[in-house]
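Chemist: Take a look at work_18.cif, mmCIF, C-alpha atoms and all ligand atoms:
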```
data_target
loop_
_atom_site.label_atom_id
_atom_site.label_comp_id
_atom_site.auth_asym_id
_atom_site.auth_seq_id
_atom_site.Cartn_x
_atom_site.Cartn_y
_atom_site.Cartn_z
CA MET D 1 69.34 122.49 83.74
CA PHE D 2 70.73 119.41 82.06
CA GLN D 3 67.30 117.81 81.95
CA HIS D 4 65.88 120.94 80.37
CA LEU D 5 68.59 121.02 77.71
CA THR D 6 67.98 117.38 76.91
CA ARG D 7 64.27 118.05 76.52
CA VAL D 8 64.89 121.04 74.25
CA LEU D 9 67.37 119.13 72.11
CA ALA D 10 64.99 116.18 71.75
CA ALA D 11 62.21 118.58 70.75
CA GLU D 12 64.45 120.33 68.20
CA ILE D 13 65.32 117.02 66.58
CA ALA D 14 61.70 115.85 66.55
CA LEU D 15 60.57 119.16 65.06
CA HIS D 16 63.23 119.06 62.34
CA LYS D 17 62.16 115.55 61.36
CA HIS D 18 58.46 116.43 61.49
CA ASN D 19 58.83 119.45 59.20
CA LYS D 20 60.79 117.33 56.74
CA VAL D 21 58.20 114.60 56.40
CA ASN D 22 54.78 116.15 57.12
CA ARG D 23 54.35 117.47 53.60
CA ARG D 24 54.60 113.91 52.37
CA GLY D 25 51.68 113.03 54.58
CA ILE D 26 53.68 111.48 57.39
CA VAL D 27 51.88 112.89 60.41
CA SER D 28 50.83 111.79 63.84
CA PRO D 29 47.56 109.84 64.03
CA ASN D 30 47.16 111.39 67.47
CA ALA D 31 47.03 114.92 66.04
CA GLN D 32 43.98 114.51 63.80
CA GLN D 33 41.33 115.80 66.16
CA PHE D 34 39.84 119.23 65.65
CA HIS D 35 37.51 121.29 67.81
CA ILE D 36 34.85 123.88 67.10
CA ILE D 37 34.08 126.24 69.95
CA HIS D 38 30.81 128.02 69.23
CA ASP D 39 30.08 131.52 70.54
CA ILE D 40 33.66 131.95 71.68
CA LEU D 41 33.14 135.65 72.39
CA PRO D 42 30.23 137.38 74.14
CA GLU D 43 27.87 138.56 71.39
CA LYS D 44 28.44 142.27 72.00
CA VAL D 45 32.19 141.83 71.85
CA PHE D 46 31.96 139.73 68.71
CA LYS D 47 29.86 142.35 66.93
CA GLY D 48 32.26 145.12 67.93
CA LEU D 49 35.26 143.15 66.74
CA ARG D 50 33.60 142.30 63.42
CA GLU D 51 32.62 145.94 62.89
CA ALA D 52 36.21 147.05 63.58
CA ALA D 53 37.53 144.47 61.08
CA ASN D 54 35.08 145.62 58.41
CA LEU D 55 36.06 149.25 58.98
CA LEU D 56 39.73 148.34 58.77
CA GLN D 57 39.16 146.65 55.44
CA SER D 58 37.18 149.50 53.92
CA SER D 59 39.58 152.17 55.17
CA SER D 60 42.61 150.30 53.86
CA VAL D 61 40.90 150.14 50.46
CA ARG D 62 40.22 153.90 50.56
CA GLU D 63 43.73 154.73 51.63
CA ASP D 64 45.17 152.27 49.18
CA SER D 65 47.41 151.01 51.96
CA ASN D 66 49.96 148.25 51.76
CA TRP D 67 47.52 145.86 53.34
CA ARG D 68 45.55 145.74 50.13
CA LYS D 69 48.00 143.59 48.29
CA GLY D 70 48.27 140.91 50.91
CA GLN D 71 44.75 140.82 52.31
CA ALA D 72 46.46 139.79 55.50
CA ILE D 73 47.24 142.06 58.41
CA GLY D 74 49.81 140.69 60.83
CA GLY D 75 49.87 141.07 64.60
CA HIS D 76 52.36 143.93 64.66
CA GLU D 77 50.16 146.05 62.39
CA LEU D 78 46.94 145.09 64.17
CA LYS D 79 48.27 146.50 67.41
CA GLY D 80 48.30 149.99 65.93
CA SER D 81 44.98 149.63 64.14
CA GLY D 82 41.35 150.28 64.97
CA LEU D 83 41.10 146.66 65.99
CA ALA D 84 43.51 147.09 68.90
CA PRO D 85 40.88 147.78 71.60
CA TRP D 86 39.18 144.47 70.78
CA LEU D 87 42.28 142.32 71.01
CA GLU D 88 42.15 142.18 74.82
CA HIS D 89 39.11 139.94 74.55
CA VAL D 90 41.00 137.45 72.44
CA LEU D 91 43.91 137.66 74.89
CA SER D 92 41.67 137.26 77.96
CA ALA D 93 41.80 134.43 80.46
CA ALA D 94 38.18 133.54 79.61
CA PHE D 95 39.08 133.04 75.94
CA GLN D 96 42.17 131.02 76.81
CA ASN D 97 40.19 128.83 79.21
CA ARG D 98 37.72 127.94 76.46
CA THR D 99 40.59 126.76 74.23
CA ARG D 100 42.16 124.77 77.06
CA LYS D 101 38.88 123.13 77.96
CA ALA D 102 38.08 122.20 74.36
CA THR D 103 41.47 120.64 73.71
CA ASP D 104 42.03 119.35 77.22
CA ILE D 105 45.51 120.87 77.10
CA GLU D 106 46.30 122.79 80.26
CA THR D 107 49.31 124.63 78.89
CA LEU D 108 47.78 125.74 75.59
CA ALA D 109 48.59 129.42 75.00
CA LEU D 110 48.98 131.91 72.22
CA VAL D 111 52.54 132.07 70.90
CA PRO D 112 54.61 135.12 72.02
CA GLU D 113 53.77 138.60 70.84
CA ALA D 114 57.01 138.81 68.89
CA ASP D 115 55.49 136.44 66.35
CA THR D 116 53.37 138.40 63.88
CA ASN D 117 51.37 135.22 63.25
CA ARG D 118 50.09 135.17 66.82
CA ILE D 119 47.00 137.11 65.78
CA SER D 120 46.35 138.11 62.20
CA LEU D 121 43.39 139.17 60.16
CA LEU D 122 42.66 137.63 56.78
CA PHE D 123 40.25 138.86 54.11
CA TYR D 124 38.91 136.71 51.32
CA GLY D 125 36.68 138.05 48.57
CA GLY D 126 35.15 137.15 45.24
CA GLN D 127 35.45 139.18 42.06
CA ALA D 128 32.65 141.60 42.89
CA HIS D 129 34.62 142.58 45.94
CA PRO D 130 37.38 145.23 45.88
CA TYR D 131 39.88 142.52 46.75
CA PRO D 132 41.03 140.00 44.18
CA VAL D 133 40.36 136.32 44.75
CA SER D 134 42.60 135.37 47.60
CA THR D 135 45.79 133.54 46.87
CA ALA D 136 46.81 133.59 50.50
CA ALA D 137 46.79 130.59 52.78
CA ASP D 138 44.11 130.35 55.39
CA THR D 139 46.37 130.66 58.31
CA ASP D 140 49.62 132.25 58.80
CA ASP D 141 52.74 131.07 57.45
CA GLN D 142 52.71 129.34 54.16
CA GLY D 143 51.62 131.88 51.61
CA ASP D 144 51.18 128.82 49.48
CA GLY D 145 47.74 129.18 48.01
CA THR D 146 44.41 127.88 49.09
CA ASP D 147 44.80 124.33 47.82
CA TRP D 148 45.28 121.40 50.18
CA HIS D 149 48.39 121.97 52.23
CA MET D 150 50.13 121.35 55.50
CA ASP D 151 51.59 124.14 57.63
CA GLY D 152 55.11 124.18 59.05
CA ASN D 153 55.84 124.47 62.74
CA ILE D 154 58.56 126.61 64.32
CA TYR D 155 57.60 125.92 67.94
CA LEU D 156 59.02 123.18 70.13
CA GLY D 157 55.56 122.18 71.33
CA ASP D 158 52.48 121.09 69.42
CA ARG D 159 51.15 123.78 67.13
CA TRP D 160 47.45 124.61 67.06
CA ALA D 161 45.92 126.91 64.47
CA GLY D 162 42.77 128.73 65.51
CA ILE D 163 40.39 130.24 62.98
CA LEU D 164 37.89 132.68 64.45
CA THR D 165 35.34 133.38 61.73
CA LEU D 166 34.10 136.98 61.71
CA VAL D 167 32.28 136.92 58.35
CA GLU D 168 31.34 133.90 56.24
CA ASP D 169 29.07 135.48 53.66
CA THR D 170 28.93 132.77 51.02
CA GLY D 171 26.36 130.81 49.04
CA ASP D 172 27.55 127.49 50.49
CA ASP D 173 26.05 125.29 53.19
CA VAL D 174 29.52 124.45 54.44
CA SER D 175 32.56 126.39 55.52
CA LYS D 176 35.10 127.54 52.92
CA LEU D 177 37.70 126.09 55.25
CA GLU D 178 37.94 122.34 54.87
CA LEU D 179 39.99 119.93 56.93
CA LYS D 180 41.12 116.43 56.03
CA PRO D 181 41.75 114.61 59.31
CA ASN D 182 42.79 110.97 58.79
CA GLY D 183 42.66 111.59 55.03
CA GLU D 184 38.89 112.15 54.95
CA ILE D 185 37.31 115.53 54.23
CA ALA D 186 35.46 116.84 57.25
CA THR D 187 33.14 119.59 56.16
CA ILE D 188 31.99 122.12 58.68
CA PRO D 189 28.46 123.59 58.46
CA ARG D 190 28.32 127.29 57.67
CA ALA D 191 25.50 127.74 60.18
CA GLY D 192 26.96 128.87 63.49
CA LEU D 193 30.38 129.44 61.97
CA GLU D 194 30.52 133.15 62.73
CA ASN D 195 31.85 133.72 66.25
CA SER D 196 33.19 130.18 66.40
CA LEU D 197 36.80 129.16 66.83
CA ILE D 198 38.04 126.16 64.87
CA LEU D 199 41.12 124.64 66.45
CA PHE D 200 43.23 122.15 64.51
CA GLN D 201 46.83 121.06 64.11
CA GLY D 202 47.52 122.44 60.65
CA ASP D 203 50.94 120.84 60.53
CA HIS D 204 49.32 117.40 60.91
CA VAL D 205 45.96 117.84 59.15
CA LEU D 206 45.70 118.75 55.48
CA HIS D 207 43.48 121.79 54.99
CA ARG D 208 42.40 124.24 52.32
CA VAL D 209 40.13 127.20 51.69
CA ARG D 210 37.87 126.70 48.70
CA ALA D 211 37.81 129.46 46.08
CA MET D 212 35.50 132.38 46.67
CA ALA D 213 32.73 132.99 44.13
CA SER D 214 31.79 136.42 42.88
CA GLY D 215 30.14 138.45 45.63
CA GLU D 216 31.20 136.13 48.42
CA ARG D 217 33.14 137.45 51.36
CA ARG D 218 34.99 135.93 54.25
CA VAL D 219 36.91 137.53 57.10
CA VAL D 220 38.72 135.50 59.71
CA MET D 221 41.07 136.11 62.58
CA SER D 222 43.87 133.59 62.56
CA LEU D 223 45.38 132.67 65.91
CA LEU D 224 48.44 130.61 66.64
CA PHE D 225 48.69 128.50 69.79
CA SER D 226 51.15 126.03 71.20
CA ASP D 227 51.34 123.88 74.30
CA TRP D 228 55.05 124.80 74.53
CA PRO D 229 55.36 128.11 72.70
CA VAL D 230 59.13 128.27 72.57
CA ARG D 231 60.55 129.00 69.14
CA THR D 232 63.06 126.72 67.51
CA LEU D 233 66.65 127.89 67.47
CA ASN D 234 67.15 126.13 64.15
CA PRO D 235 68.33 128.99 61.89
CA TRP D 236 67.08 127.40 58.68
CA LEU D 237 63.55 127.07 59.99
CA ARG D 238 63.59 130.63 61.32
CA ARG D 239 64.89 132.05 58.06
CA TYR D 240 62.20 130.14 56.19
CA GLN D 241 59.50 131.67 58.41
CA SER D 242 60.93 135.13 57.89
CA LYS D 243 60.72 134.75 54.10
CA VAL D 244 57.15 133.50 54.29
CA ASN D 245 56.14 136.46 56.45
CA LEU D 246 57.68 138.85 53.96
CA ALA D 247 55.61 137.35 51.16
CA PHE D 248 52.46 137.22 53.23
CA TYR D 249 52.37 140.43 55.24
CA GLY D 250 54.92 142.54 53.42
CA ASN D 251 57.30 142.43 56.36
CA SER D 252 59.77 139.84 57.50
CA ARG D 253 59.37 140.37 61.22
CA ARG D 254 58.94 137.19 63.13
FE FE B 1 47.51 126.58 56.46
#
```
The structure given in the file should be rewritten as structure tokens.

Modeler:
Amino acid sequence: MFQHLTRVLAAEIALHKHNKVNRRGIVSPNAQQFHIIHDILPEKVFKGLREAANLLQSSSVREDSNWRKGQAIGGHELKGSGLAPWLEHVLSAAFQNRTRKATDIETLALVPEADTNRISLLFYGGQAHPYPVSTAADTDDQGDGTDWHMDGNIYLGDRWAGILTLVEDTGDDVSKLELKPNGEIATIPRAGLENSLILFQGDHVLHRVRAMASGERRVVMSLLFSDWPVRTLNPWLRRYQSKVNLAFYGNSRR
């Protein structure tokens, strides 16, 4: 018990410090690695999931639903959507094992269901598309535009962002998502991007999503993992996350 409390307290202090300094570029040199897992889902499953995401987007446009303004659908809403039957594949042991093998982290797991950022769906489109050019962040929590940025972390363990690309219909040879591990831009080829999962520590590696050109379209599922997915008890950090969720998904649920 005492040992556990000591570990939690140490992690809380480390997390508080990390979130204070990471935006100034003070990050761990040991957290700069990223991984691309190709063909993460069986092809049939991937196609079904992508189809469901496309349908969700077109029906939300028709119904003029709240989702339109954010272009982001959080985990709580996804559960009641047409995408729900496909989520089990992302939650499966097979999927989890691929992420653990790639990172070599045995305890890597999705964050708890209570966190709307656990699984979310993000739509990006150019001007010819019904959606305006995205101003949302690529992942989950910042709502801070597509320019180079660092995420915040509210989990005691290491935070891993996972981007599962469903559609990358662009005129570029490289991914719209760019990472800057060790301060150098690492571009990711567009070929093979669909049905791949990009895993990176977005609170240690600067990243951005380049602007979409007219007619381009991108749909990704954003996943949030941690090797110790216990949320901070720090009330300031939690309130911050709640505000960001409100701006991003239109609800403040965490
Ligand atoms: Fe981000």

Chemist: Fewer than 3 positions away in the same chain doesn't count, so skip those; otherwise give me all residues within 8 Å of Thr99 of chain D, counting all atoms listed in the file, as a PyMOL selection string.

Modeler: chain D and resi 37+95-96+102-103+108

Chemist: Of the candidates D:Lys243, D:Arg24, D:Arg159, D:Arg190, which shows the shortest atom-to-atom distance to Ile36 of chain D, using all atoms listed in the file?

Modeler: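 Closest to Ile36 of chain D of all the choices is D:Arg190.
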
Chemist: Nearest to ligand FE 1 (chain B): which of D:Ala161, D:Val230, D:Leu166, D:Leu156 is it, counting all atoms listed in the file?

Modeler: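 Comparing D:Ala161, D:Val230, D:Leu166, D:Leu156 against ligand FE 1 (chain B), the winner is D:Ala161.
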
Chemist: Please enclose the listed atoms of segment 99-111 of chain D in an axis-aligned box, pad each side by 8 Å, and write out the centre and the three edge lengths in Å, rounded to one decimal, as JSON.

Modeler:
```
{"center_x": 45.3, "center_y": 125.7, "center_z": 75.6, "size_x": 30.5, "size_y": 28.7, "size_z": 25.4}
```

Chemist: Quick one, how far is atom CA of Pro235 of chain D from atom CA of His18 of chain D?

Modeler: 16.0 Å

Chemist: Rank nothing, just name the residue among D:Ala94, D:Met1, D:Val219, D:Leu179 nearest to ligand FE 1 (chain B), using only C-alpha atoms and all ligand atoms.

Modeler: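 Among the listed residues, the smallest separation from ligand FE 1 (chain B) belongs to D:Leu179.
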
Chemist: Which residue is closest to ligand FE 1 (chain B)? Choose from D:Ala186, D:Val244, D:Ile105, D:Leu206 and count all atoms listed in the file.

Modeler: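 The shortest atom-to-atom distance to ligand FE 1 (chain B) comes from D:Leu206.
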
Chemist: Which is closest to ligand FE 1 (chain B) among D:Tyr249, D:Trp236, D:Trp160, D:Trp228, if we use all atoms listed in the file?

Modeler: D:Trp160

Chemist: Just to confirm, what's the straight-line distance from atom CA of Arg118 of chain D to atom CA of Ile40 of chain D in Å (one decimal)?

Modeler: 17.4 Å

Chemist: Under the rule that only C-alpha atoms are counted, which of D:Ile13, D:Val174, D:Val45, D:Ile119 is the nearest residue to Leu223 of chain D?

Modeler: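 Looking only at the distances to Leu223 of chain D, the closest residue turns out to be D:Ile119.
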
Chemist: Have a look at atom CA of Thr107 of chain D and atom CA of Asp39 of chain D and let me know their distance in Å, one decimal.

Modeler: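 Distance between the two atoms: 22.1 Å.
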
Chemist: List the spatial neighbours of Asn30 of chain D as a list in words - criterion: any atom at most 12 Å away, only C-alpha atoms, same-chain residues fewer than 5 positions off excluded.

Modeler: Asp158, Pro181, Asn182, Phe200, Gln201, His204 and Val205 of chain D
